[in-house]
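Undergrad: This is start.txt (compact mmCIF, C-alpha atoms and all ligand atoms).
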```
# COMPACT_ATOMS: atom_id res chain seq x y z
CA MET A 209 28.40 293.98 181.13
CA ALA A 210 31.76 292.66 179.94
CA VAL A 211 32.21 288.94 180.43
CA TYR A 212 35.66 287.43 180.84
CA LEU A 213 35.82 283.83 179.58
CA ASP A 214 39.55 283.59 178.92
CA ASN A 215 40.70 282.16 182.25
CA ALA A 216 43.13 279.71 180.67
CA ALA A 217 45.06 282.80 179.52
CA THR A 218 45.03 284.32 182.97
CA THR A 219 42.70 284.65 185.93
CA PRO A 220 41.72 287.70 187.95
CA VAL A 221 43.65 288.17 191.19
CA ALA A 222 41.41 287.07 194.07
CA PRO A 223 40.62 289.93 196.49
CA GLU A 224 42.17 288.10 199.47
CA VAL A 225 45.35 287.54 197.42
CA LEU A 226 45.60 291.25 196.73
CA GLN A 227 45.08 292.00 200.43
CA ALA A 228 47.84 289.56 201.38
CA MET A 229 50.23 291.23 198.92
CA ILE A 230 49.65 294.86 199.84
CA PRO A 231 51.87 294.95 202.98
CA TYR A 232 54.77 293.68 200.84
CA LEU A 233 54.30 296.56 198.43
CA SER A 234 54.32 299.06 201.29
CA GLU A 235 55.61 298.65 204.84
CA VAL A 236 57.43 295.28 204.47
CA PHE A 237 59.90 296.46 201.88
CA GLY A 238 63.21 295.05 203.11
CA ASN A 239 65.51 293.16 200.79
CA PRO A 240 65.20 289.50 201.80
CA SER A 241 68.97 289.10 201.47
CA SER A 242 69.64 291.83 204.07
CA THR A 243 70.53 290.47 207.47
CA HIS A 244 68.86 293.28 209.45
CA ALA A 245 65.30 293.11 210.79
CA PHE A 246 63.72 294.62 207.65
CA GLY A 247 65.36 291.99 205.49
CA ARG A 248 64.65 289.16 207.91
CA LYS A 249 60.95 289.97 207.87
CA ALA A 250 60.82 289.73 204.08
CA ARG A 251 62.92 286.54 204.13
CA ALA A 252 60.60 284.93 206.68
CA SER A 253 57.61 285.64 204.43
CA ILE A 254 59.33 284.04 201.44
CA GLU A 255 60.21 280.92 203.39
CA LYS A 256 56.73 280.67 204.90
CA SER A 257 55.29 280.94 201.39
CA ARG A 258 57.63 278.21 200.16
CA VAL A 259 56.45 275.88 202.94
CA GLU A 260 52.79 276.64 202.14
CA ILE A 261 53.23 276.04 198.40
CA ALA A 262 55.17 272.83 199.00
CA LYS A 263 52.42 271.55 201.31
CA CYS A 264 49.75 272.14 198.65
CA ILE A 265 51.48 269.70 196.28
CA GLY A 266 52.82 267.23 198.84
CA ALA A 267 56.42 268.43 198.48
CA THR A 268 58.99 269.69 200.96
CA ALA A 269 60.02 273.34 200.95
CA ALA A 270 63.53 272.49 199.74
CA GLU A 271 61.99 271.05 196.57
CA VAL A 272 60.34 274.35 195.51
CA ILE A 273 62.20 277.01 193.51
CA PHE A 274 60.54 280.29 192.64
CA THR A 275 60.57 281.38 189.00
CA SER A 276 59.06 284.20 186.97
CA GLY A 277 56.24 281.92 185.84
CA GLY A 278 55.44 278.80 183.88
CA THR A 279 57.73 279.51 180.93
CA GLU A 280 60.80 279.91 183.09
CA ALA A 281 59.98 276.81 185.13
CA ASP A 282 59.61 274.77 181.91
CA ASN A 283 62.94 276.09 180.56
CA GLN A 284 64.65 275.37 183.86
CA ALA A 285 63.29 271.81 183.97
CA ILE A 286 64.56 270.97 180.50
CA LEU A 287 67.97 272.55 180.96
CA SER A 288 68.39 271.01 184.42
CA ALA A 289 67.71 267.58 182.97
CA ILE A 290 70.41 268.08 180.32
CA ARG A 291 73.03 270.03 182.22
CA LYS A 292 72.80 268.43 185.64
CA ASN A 293 71.13 265.04 185.33
CA GLY A 294 72.86 263.46 182.35
CA VAL A 295 69.84 263.53 180.02
CA GLU A 296 70.72 262.90 176.37
CA ARG A 297 67.25 262.28 175.02
CA ILE A 298 63.90 264.01 175.51
CA ILE A 299 60.46 262.67 174.73
CA SER A 300 57.62 265.15 174.56
CA SER A 301 54.39 265.64 172.61
CA LYS A 302 53.41 267.93 169.76
CA LEU A 303 50.59 269.30 171.91
CA GLU A 304 52.80 270.95 174.53
CA HIS A 305 52.82 274.68 175.17
CA HIS A 306 55.41 276.70 173.29
CA ALA A 307 57.28 277.10 176.59
CA ILE A 308 58.25 273.46 176.07
CA LEU A 309 58.25 273.13 172.29
CA HIS A 310 60.31 276.24 171.62
CA SER A 311 62.72 275.35 174.43
CA LEU A 312 63.25 272.00 172.74
CA ASP A 313 64.33 273.86 169.59
CA TYR A 314 67.29 275.19 171.58
CA VAL A 315 68.62 272.07 173.27
CA PRO A 316 72.17 271.11 172.25
CA GLU A 317 72.34 269.16 168.97
CA THR A 318 73.66 266.15 170.84
CA VAL A 319 70.32 265.80 172.63
CA GLU A 320 67.85 263.65 170.71
CA VAL A 321 64.21 264.78 170.76
CA ASP A 322 61.27 262.44 170.05
CA TYR A 323 57.53 263.01 170.16
CA VAL A 324 54.91 260.59 171.37
CA ARG A 325 52.04 259.96 168.96
CA ASN A 326 48.61 261.42 169.59
CA ASN A 327 45.28 260.50 168.03
CA GLU A 328 42.92 262.94 166.30
CA LEU A 329 41.36 263.92 169.62
CA GLY A 330 44.79 264.79 171.00
CA VAL A 331 44.93 261.74 173.28
CA LEU A 332 48.49 260.49 173.71
CA ASP A 333 49.49 256.93 172.83
CA LEU A 334 51.10 255.64 176.03
CA ALA A 335 52.13 252.34 174.43
CA HIS A 336 54.12 254.42 171.93
CA LEU A 337 55.63 256.40 174.81
CA GLU A 338 56.84 253.19 176.42
CA GLU A 339 58.17 251.92 173.08
CA LEU A 340 60.11 255.16 172.61
CA ILE A 341 61.59 255.04 176.10
CA LYS A 342 62.63 251.41 175.67
CA ALA A 343 64.16 252.05 172.22
CA SER A 344 67.26 253.72 173.65
CA SER A 345 69.56 253.27 176.59
CA LYS A 346 70.32 257.00 176.72
CA LYS A 347 69.24 258.79 179.88
CA THR A 348 65.81 260.18 179.00
CA LEU A 349 63.57 263.02 180.14
CA VAL A 350 59.86 262.74 179.40
CA THR A 351 58.14 266.11 179.46
CA ILE A 352 54.39 265.92 179.05
CA MET A 353 51.89 268.49 180.23
CA HIS A 354 49.23 267.68 182.81
CA ALA A 355 46.42 269.45 180.94
CA ASN A 356 46.43 271.11 177.56
CA ASN A 357 45.81 274.84 177.64
CA GLU A 358 44.03 274.99 174.28
CA VAL A 359 41.64 272.04 174.33
CA GLY A 360 41.75 270.97 177.97
CA ASN A 361 42.78 267.32 177.49
CA VAL A 362 44.03 265.94 180.80
CA ASN A 363 46.98 263.56 180.47
CA PRO A 364 47.19 260.63 182.95
CA ILE A 365 50.31 261.80 184.78
CA ASP A 366 50.08 258.91 187.27
CA LYS A 367 50.36 256.38 184.45
CA ILE A 368 53.03 258.38 182.61
CA GLY A 369 55.03 258.75 185.81
CA ALA A 370 54.81 255.01 186.48
CA ILE A 371 56.03 254.22 182.93
CA CYS A 372 58.95 256.64 183.35
CA LYS A 373 59.86 255.20 186.74
CA ALA A 374 59.76 251.63 185.41
CA HIS A 375 62.30 252.57 182.72
CA ASP A 376 64.43 254.92 184.80
CA ALA A 377 63.44 258.03 182.82
CA LEU A 378 63.01 261.43 184.43
CA PHE A 379 59.50 262.86 184.23
CA HIS A 380 58.63 266.56 184.07
CA THR A 381 55.09 267.80 183.77
CA ASP A 382 53.96 271.29 182.81
CA SER A 383 51.09 271.64 185.29
CA VAL A 384 50.51 275.30 184.61
CA GLN A 385 46.83 274.71 183.80
CA THR A 386 46.17 272.30 186.66
CA VAL A 387 47.97 273.55 189.77
CA GLY A 388 45.19 274.83 192.04
CA HIS A 389 42.52 273.20 189.83
CA LEU A 390 43.21 269.48 190.10
CA PRO A 391 44.64 267.71 193.15
CA ILE A 392 48.39 267.21 192.76
CA ASP A 393 50.41 265.13 195.19
CA VAL A 394 54.02 264.47 194.31
CA ARG A 395 54.17 261.80 197.05
CA THR A 396 51.79 259.59 195.11
CA THR A 397 52.58 260.61 191.52
CA ASP A 398 56.01 259.65 190.16
CA VAL A 399 56.91 263.09 188.88
CA ASP A 400 60.46 264.44 189.15
CA MET A 401 59.78 268.03 188.12
CA LEU A 402 56.61 270.07 187.83
CA SER A 403 55.90 273.65 186.69
CA GLY A 404 53.26 276.02 188.06
CA ALA A 405 52.28 279.66 187.49
CA ALA A 406 50.33 281.79 189.97
CA HIS A 407 48.32 283.79 187.44
CA LYS A 408 46.43 280.66 186.38
CA PHE A 409 45.00 280.16 189.89
CA ASN A 410 43.94 283.68 190.81
CA GLY A 411 47.39 284.80 191.88
CA PRO A 412 49.60 287.53 190.43
CA LYS A 413 51.42 287.41 187.09
CA GLY A 414 55.16 287.06 186.75
CA ILE A 415 55.61 284.46 189.48
CA GLY A 416 55.66 280.69 189.36
CA PHE A 417 57.58 277.75 190.69
CA LEU A 418 59.47 274.66 189.70
CA TYR A 419 59.13 271.60 191.88
CA ALA A 420 62.21 269.38 191.64
CA ARG A 421 62.16 266.14 193.60
CA LYS A 422 64.97 265.69 196.14
CA GLY A 423 67.93 264.21 194.27
CA VAL A 424 67.06 265.88 190.95
CA LYS A 425 69.68 268.56 190.39
CA VAL A 426 68.55 271.99 189.22
CA CYS A 427 70.68 274.30 187.09
CA ASN A 428 70.86 278.05 187.36
CA LEU A 429 69.36 280.04 184.47
CA ILE A 430 69.93 283.49 185.94
CA HIS A 431 73.40 284.23 187.21
CA GLY A 432 73.98 286.85 189.86
CA GLY A 433 73.36 286.70 193.57
CA ALA A 434 72.98 283.59 195.68
CA GLN A 435 69.18 283.77 195.89
CA GLU A 436 67.16 280.56 195.61
CA LYS A 437 70.19 278.54 196.73
CA GLU A 438 72.11 279.89 193.75
CA LYS A 439 69.50 278.55 191.35
CA ARG A 440 68.12 281.98 190.42
CA GLY A 441 70.00 285.20 191.01
CA GLY A 442 68.13 288.46 191.63
CA THR A 443 66.19 290.07 194.48
CA GLU A 444 62.99 288.10 195.06
CA ASN A 445 59.56 289.48 194.24
CA VAL A 446 58.32 289.13 197.81
CA ALA A 447 54.78 290.44 197.23
CA ALA A 448 54.25 288.10 194.28
CA ILE A 449 55.61 285.11 196.21
CA VAL A 450 53.28 285.82 199.13
CA GLY A 451 50.42 286.32 196.66
CA MET A 452 51.15 283.00 194.97
CA ALA A 453 51.17 281.15 198.30
CA THR A 454 47.90 282.76 199.38
CA ALA A 455 46.30 281.98 196.03
CA LEU A 456 47.41 278.35 196.05
CA CYS A 457 46.35 277.75 199.66
CA ASN A 458 42.92 279.21 198.89
CA ALA A 459 42.59 277.27 195.64
CA THR A 460 43.60 274.03 197.36
CA LYS A 461 41.17 274.52 200.25
CA ALA A 462 38.28 275.41 197.94
CA LEU A 463 39.21 273.00 195.14
CA ASP A 464 36.11 270.79 195.43
CA SER A 465 33.63 273.65 195.58
CA HIS A 466 35.39 275.61 192.81
CA ARG A 467 35.47 272.50 190.66
CA ALA A 468 31.76 271.75 191.23
CA HIS A 469 30.72 275.32 190.41
CA THR A 470 32.99 275.66 187.38
CA THR A 471 32.03 272.24 185.98
CA GLU A 472 28.39 273.22 186.21
CA LEU A 473 29.12 276.46 184.35
CA LYS A 474 31.02 274.65 181.60
CA GLU A 475 28.31 272.01 181.14
CA TYR A 476 25.59 274.66 181.06
CA PHE A 477 27.48 276.75 178.52
CA ARG A 478 28.16 273.72 176.35
CA ALA A 479 24.51 272.64 176.34
CA GLU A 480 23.21 276.16 175.65
CA LEU A 481 25.72 276.68 172.82
CA LEU A 482 24.49 273.49 171.18
CA LYS A 483 20.94 274.84 171.33
CA LEU A 484 22.12 277.97 169.49
CA GLU A 485 24.17 276.05 166.93
CA PRO A 486 23.46 272.31 166.72
CA ASN A 487 26.32 271.79 164.25
CA LEU A 488 28.99 272.80 166.74
CA ALA A 489 31.82 270.42 167.48
CA PHE A 490 34.14 270.41 170.47
CA ASN A 491 37.89 270.04 170.14
CA GLY A 492 39.84 267.52 172.14
CA ALA A 493 38.88 264.50 174.20
CA ASP A 494 35.35 264.00 175.52
CA THR A 495 34.61 267.09 177.59
CA LYS A 496 33.96 264.85 180.61
CA GLU A 497 37.60 263.76 180.48
CA SER A 498 38.91 267.25 179.92
CA LEU A 499 39.79 270.01 182.30
CA TYR A 500 36.61 271.60 183.69
CA THR A 501 37.95 275.09 183.07
CA VAL A 502 38.37 274.77 179.27
CA LEU A 503 35.83 274.38 176.43
CA SER A 504 37.25 274.51 172.92
CA VAL A 505 34.52 275.05 170.34
CA ASN A 506 34.72 274.40 166.61
CA PHE A 507 32.02 276.34 164.72
CA PRO A 508 30.69 275.30 161.33
CA ALA A 509 31.80 277.32 158.30
CA HIS A 510 29.77 280.49 157.92
CA PRO A 511 30.44 283.92 156.34
CA ARG A 512 30.17 285.44 159.82
CA GLY A 513 32.89 283.10 161.06
CA ASP A 514 35.90 285.23 160.17
CA MET A 515 34.77 288.04 162.41
CA LEU A 516 33.43 285.91 165.27
CA LEU A 517 36.10 286.59 167.88
CA PHE A 518 36.38 290.23 166.90
CA ASN A 519 32.61 290.69 167.19
CA LEU A 520 32.47 288.91 170.53
CA ASP A 521 35.18 291.23 171.80
CA ILE A 522 33.34 294.32 170.49
CA GLU A 523 30.24 293.12 172.37
CA GLY A 524 32.27 292.63 175.58
CA VAL A 525 32.84 288.86 175.58
CA ALA A 526 36.49 287.90 176.02
CA CYS A 527 37.53 284.46 174.83
CA SER A 528 40.43 283.19 172.81
CA GLY A 529 40.94 281.74 169.33
CA GLY A 530 43.79 279.40 170.11
CA SER A 531 46.50 279.52 172.69
CA ALA A 532 46.22 282.58 174.85
CA CYS A 533 49.93 283.02 174.89
CA SER A 534 49.96 283.44 171.13
CA SER A 535 46.84 285.59 170.95
CA GLY A 536 47.95 288.67 169.07
CA SER A 537 50.00 286.49 166.78
CA ASN A 538 48.13 285.39 163.67
CA LYS A 539 49.82 282.02 163.35
CA GLY A 540 47.44 279.09 163.51
CA SER A 541 47.35 276.90 166.58
CA HIS A 542 49.87 274.04 166.55
CA VAL A 543 47.58 272.11 168.88
CA LEU A 544 44.46 272.36 166.71
CA ALA A 545 46.63 271.45 163.72
CA GLU A 546 47.33 268.08 165.40
CA LEU A 547 43.62 267.36 165.86
CA LYS A 548 40.97 266.38 163.35
CA GLN A 549 38.51 269.25 163.09
CA LYS A 550 34.95 268.32 162.25
CA ASN A 551 34.00 271.78 161.00
CA ASP A 552 35.75 274.33 158.80
CA GLY A 553 34.58 277.37 160.75
CA PRO A 554 36.33 279.34 163.50
CA ASN A 555 37.53 277.95 166.82
CA ALA A 556 36.89 279.65 170.11
CA ARG A 557 38.29 278.67 173.48
CA PHE A 558 36.00 279.63 176.34
CA SER A 559 37.64 279.12 179.72
CA PHE A 560 36.05 279.46 183.11
CA ASN A 561 36.93 280.33 186.67
CA TYR A 562 35.11 279.95 190.00
CA MET A 563 34.52 283.70 189.89
CA ASN A 564 32.30 283.40 186.79
CA THR A 565 28.53 283.32 187.29
CA LYS A 566 25.63 281.79 185.39
CA ALA A 567 24.35 285.32 184.74
CA GLU A 568 27.61 286.12 182.96
CA LEU A 569 27.22 283.03 180.82
CA ASP A 570 23.67 284.07 179.90
CA THR A 571 25.02 287.46 178.82
CA ALA A 572 27.72 285.78 176.73
CA LEU A 573 25.18 283.39 175.18
CA ALA A 574 22.93 286.32 174.23
CA VAL A 575 25.92 287.99 172.54
CA ILE A 576 26.79 284.78 170.70
CA LYS A 577 23.17 284.54 169.55
CA LYS A 578 23.46 288.05 168.18
CA VAL A 579 26.86 287.78 166.48
CA TRP A 580 26.63 284.15 165.33
CA CYS A 581 22.94 283.56 164.69
CA GLY A 582 22.25 287.15 163.67
CA VAL A 583 19.39 287.33 166.19
CA SER A 584 19.29 290.49 168.31
CA VAL A 585 18.11 289.98 171.86
C1 LIG B 601 50.35 274.89 179.71
C2 LIG B 601 51.11 276.17 179.86
N1 LIG B 601 52.43 276.15 180.06
C3 LIG B 601 53.15 277.27 180.21
C4 LIG B 601 52.56 278.49 180.15
C5 LIG B 601 53.40 279.72 180.33
O1 LIG B 601 53.20 280.24 181.62
P1 LIG B 601 53.63 281.76 181.95
O2 LIG B 601 52.71 282.63 181.14
O3 LIG B 601 53.39 281.89 183.42
O4 LIG B 601 55.04 281.92 181.59
C6 LIG B 601 51.18 278.59 179.92
C7 LIG B 601 50.51 279.90 179.77
O5 LIG B 601 49.51 280.03 179.09
C8 LIG B 601 50.43 277.40 179.78
O6 LIG B 601 49.12 277.42 179.59
```
For the file at hand, write its structure as structure tokens.
Ligand SMILES: Cc1ncc(COP(=O)(O)O)c(C=O)c1O
TA:
Amino acid sequence: MAVYLDNAATTPVAPEVLQAMIPYLSEVFGNPSSTHAFGRKARASIEKSRVEIAKCIGATAAEVIFTSGGTEADNQAILSAIRKNGVERIISSKLEHHAILHSLDYVPETVEVDYVRNNELGVLDLAHLEELIKASSKKTLVTIMHANNEVGNVNPIDKIGAICKAHDALFHTDSVQTVGHLPIDVRTTDVDMLSGAAHKFNGPKGIGFLYARKGVKVCNLIHGGAQEKEKRGGTENVAAIVGMATALCNATKALDSHRAHTTELKEYFRAELLKLEPNLAFNGADTKESLYTVLSVNFPAHPRGDMLLFNLDIEGVACSGGSACSSGSNKGSHVLAELKQKNDGPNARFSFNYMNTKAELDTALAVIKKVWCGVSV
């Protein structure tokens, strides 16, 4: 039995999400920009989906713009801040996803970029953040992720939002790993922009959204038609939008039960791994303060270490070595490089979803026992 433990990379599409999408890949095929009945039906589904998604995060429909996923939403947030909201300085962290860090490499030279300090567990220094904001009178954007995709650290976005608000800075958070997994309410958190991606909460790939608070101006990255109020040209992916709304509504309704089940899985896996290898270390903040879907494991040095991920894959266990989005690239992880690693052996990120079962974890643990401990079961 193959076991998929790479849910921070992407999650399986939930069966009810697939069912909700199918009509939009068959009989409801109109172009949402057409004014005839076929088009109007597709348009109505898009707008209904927008309302549903907005409701799940406490926003209004007008504050939600559809994108092709998390990367595009992150790019759009940064460029909107610069092009439309007078931002001349950006503060971020070295632990952000490449969707943020690489976008920051391309901001105009006139825009200053600073990074908030983190400690060896990857915890951000909020006093330093405040110092940085106060050090300049330039209009500032703070972009800090809600939870880290590699080690699972959850950043206190309520506190960060309050600091930003107190100093009149804009705040964007990349919530790609937390939308649908942690409660998010933009009415109570001072966040100006927020990115989400459906494939991280059992929706389809290639669709996401940017939330931009009323009053925050959004720039257009894709020129063409007048779709998305001229913020994103191109015929909408109706099936994916409907799928994203269904997935987020389901995830929001079932959040507590999914969280309880998944937390139990993570804690069980962590404890059983320690029984197999007592010298294991875990990357990032205390696992109790980290996202319940992510467990980043640092193995001790061992000759079998080099082949660990390869052997797990051969035996049917899918996990990731660093960031999922760079799996396939052999560059080391920029996030792990920021942290102090206790061991010199390989790192493996196991990430869980409500669809995983304890039986799957037992299968994965038996495989780990075989490939790491050299004990066949
Ligand atoms: C924190 C974070 N931000 C952004 C992205 C990019 O999202 P997408 O793959 O939907 O473009 C990812 C994907 O792994 C992520 O984990």
Undergrad: With a distance cut-off of 12 Å and only C-alpha atoms, select the neighbouring residues of Ser301 of chain A, excluding the residue or stretch itself and same-chain residues fewer than 3 positions from it, and output the selection as a PyMOL selection string.
TA: chain A and resi 298+304-306+308-309+312+321-327+330-334+336-337+340+350-354+356+363+381-382+542-543+546
Undergrad: Can you list, as a list of chain:residue names, every protein, DNA or RNA residue that comes within 9 Å of segment 514-526 of chain A when you count only C-alpha atoms, leaving out same-chain residues fewer than 6 positions away?
TA: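 Neighbouring residues, sequence-local ones excluded: A:Met209, A:Ala210, A:Val211, A:Tyr212, A:Leu213, A:Asp214, A:Gly553, A:Pro554, A:Asn555, A:Ala556, A:Phe558, A:Thr571, A:Ala572, A:Val575, A:Ile576, A:Val579, A:Trp580.
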Undergrad: Please find the residues contacting ligand LIG 601 (chain B) at a distance of at most 6 Å between atoms, with only C-alpha atoms and all ligand atoms counted, and report them as JSON, numbers by chain.
TA: {"A": [217, 277, 278, 279, 305, 307, 356, 357, 382, 384, 385, 405, 532, 533]}
Undergrad: Extract, using only C-alpha atoms, all DNA, RNA and protein residues at most 8 Å from Leu429 of chain A, discarding same-chain residues fewer than 3 positions from it, and format them as a list in words.
TA: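 The neighbour list is Gln284, Lys439 and Arg440 of chain A.
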Undergrad: Name the closest residue to Asp393 of chain A among the candidates A:Val502, A:Ala453, A:Cys372, A:Cys264; distances are taken between atoms, counting all atoms listed in the file.
TA: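 Of all the options, A:Cys264 lies closest to Asp393 of chain A.
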Undergrad: In Å, how far is it from atom CA of Val387 of chain A to atom CA of Lys292 of chain A?
TA: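 According to the coordinates, atom CA of Val387 of chain A and atom CA of Lys292 of chain A are separated by 25.7 Å.
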Undergrad: One decimal, Å: what's the distance from atom CA of Ala216 of chain A over to atom CA of Cys581 of chain A, could you say?
TA: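 Distance reported for this atom pair: 26.0 Å.
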Undergrad: Work out how far apart atom CA of Ser504 of chain A and atom CA of Gly414 of chain A are and give it in Å to one decimal.
TA: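 Straight-line distance from atom CA of Ser504 of chain A to atom CA of Gly414 of chain A works out to 25.9 Å.
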Undergrad: Out of A:Gly294, A:Pro316, A:Gly360, A:Gly411, which residue has the shortest atom-to-atom distance to Thr501 of chain A when counting all atoms listed in the file?
TA: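 Smallest separation from Thr501 of chain A among the options: A:Gly360.
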Undergrad: Reconstruct segment 492-505 of chain A at the level of N, CA and C atoms, and format the result as a short mmCIF file (atom, residue, chain, number, x, y, z; two decimals), in the coordinates of the input.
TA:
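Result file selection29.cif:
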```
data_model
loop_
_atom_site.label_atom_id
_atom_site.label_comp_id
_atom_site.auth_asym_id
_atom_site.auth_seq_id
_atom_site.Cartn_x
_atom_site.Cartn_y
_atom_site.Cartn_z
N GLY A 492 39.18 268.25 171.05
CA GLY A 492 39.84 267.52 172.14
C GLY A 492 39.05 266.30 172.57
N ALA A 493 39.50 265.71 173.67
CA ALA A 493 38.88 264.50 174.20
C ALA A 493 37.48 264.85 174.70
N ASP A 494 36.69 263.82 174.96
CA ASP A 494 35.35 264.00 175.52
C ASP A 494 35.42 265.05 176.63
N THR A 495 34.50 265.98 176.61
CA THR A 495 34.61 267.09 177.59
C THR A 495 34.60 266.56 179.03
N LYS A 496 34.00 265.38 179.23
CA LYS A 496 33.96 264.85 180.61
C LYS A 496 35.37 264.43 181.07
N GLU A 497 36.23 264.15 180.12
CA GLU A 497 37.60 263.76 180.48
C GLU A 497 38.55 264.94 180.36
N SER A 498 38.01 266.11 180.11
CA SER A 498 38.91 267.25 179.92
C SER A 498 38.81 268.19 181.12
N LEU A 499 39.71 269.09 181.17
CA LEU A 499 39.79 270.01 182.30
C LEU A 499 38.49 270.84 182.36
N TYR A 500 37.93 270.95 183.56
CA TYR A 500 36.61 271.60 183.69
C TYR A 500 36.66 273.10 183.44
N THR A 501 37.85 273.65 183.31
CA THR A 501 37.95 275.09 183.07
C THR A 501 37.95 275.45 181.58
N VAL A 502 38.14 274.45 180.70
CA VAL A 502 38.37 274.77 179.27
C VAL A 502 37.32 274.12 178.37
N LEU A 503 36.75 274.91 177.45
CA LEU A 503 35.83 274.38 176.43
C LEU A 503 36.27 274.96 175.08
N SER A 504 36.75 274.07 174.23
CA SER A 504 37.25 274.51 172.92
C SER A 504 36.20 274.17 171.87
N VAL A 505 35.69 275.19 171.21
CA VAL A 505 34.52 275.05 170.34
C VAL A 505 34.93 275.24 168.88
#
```
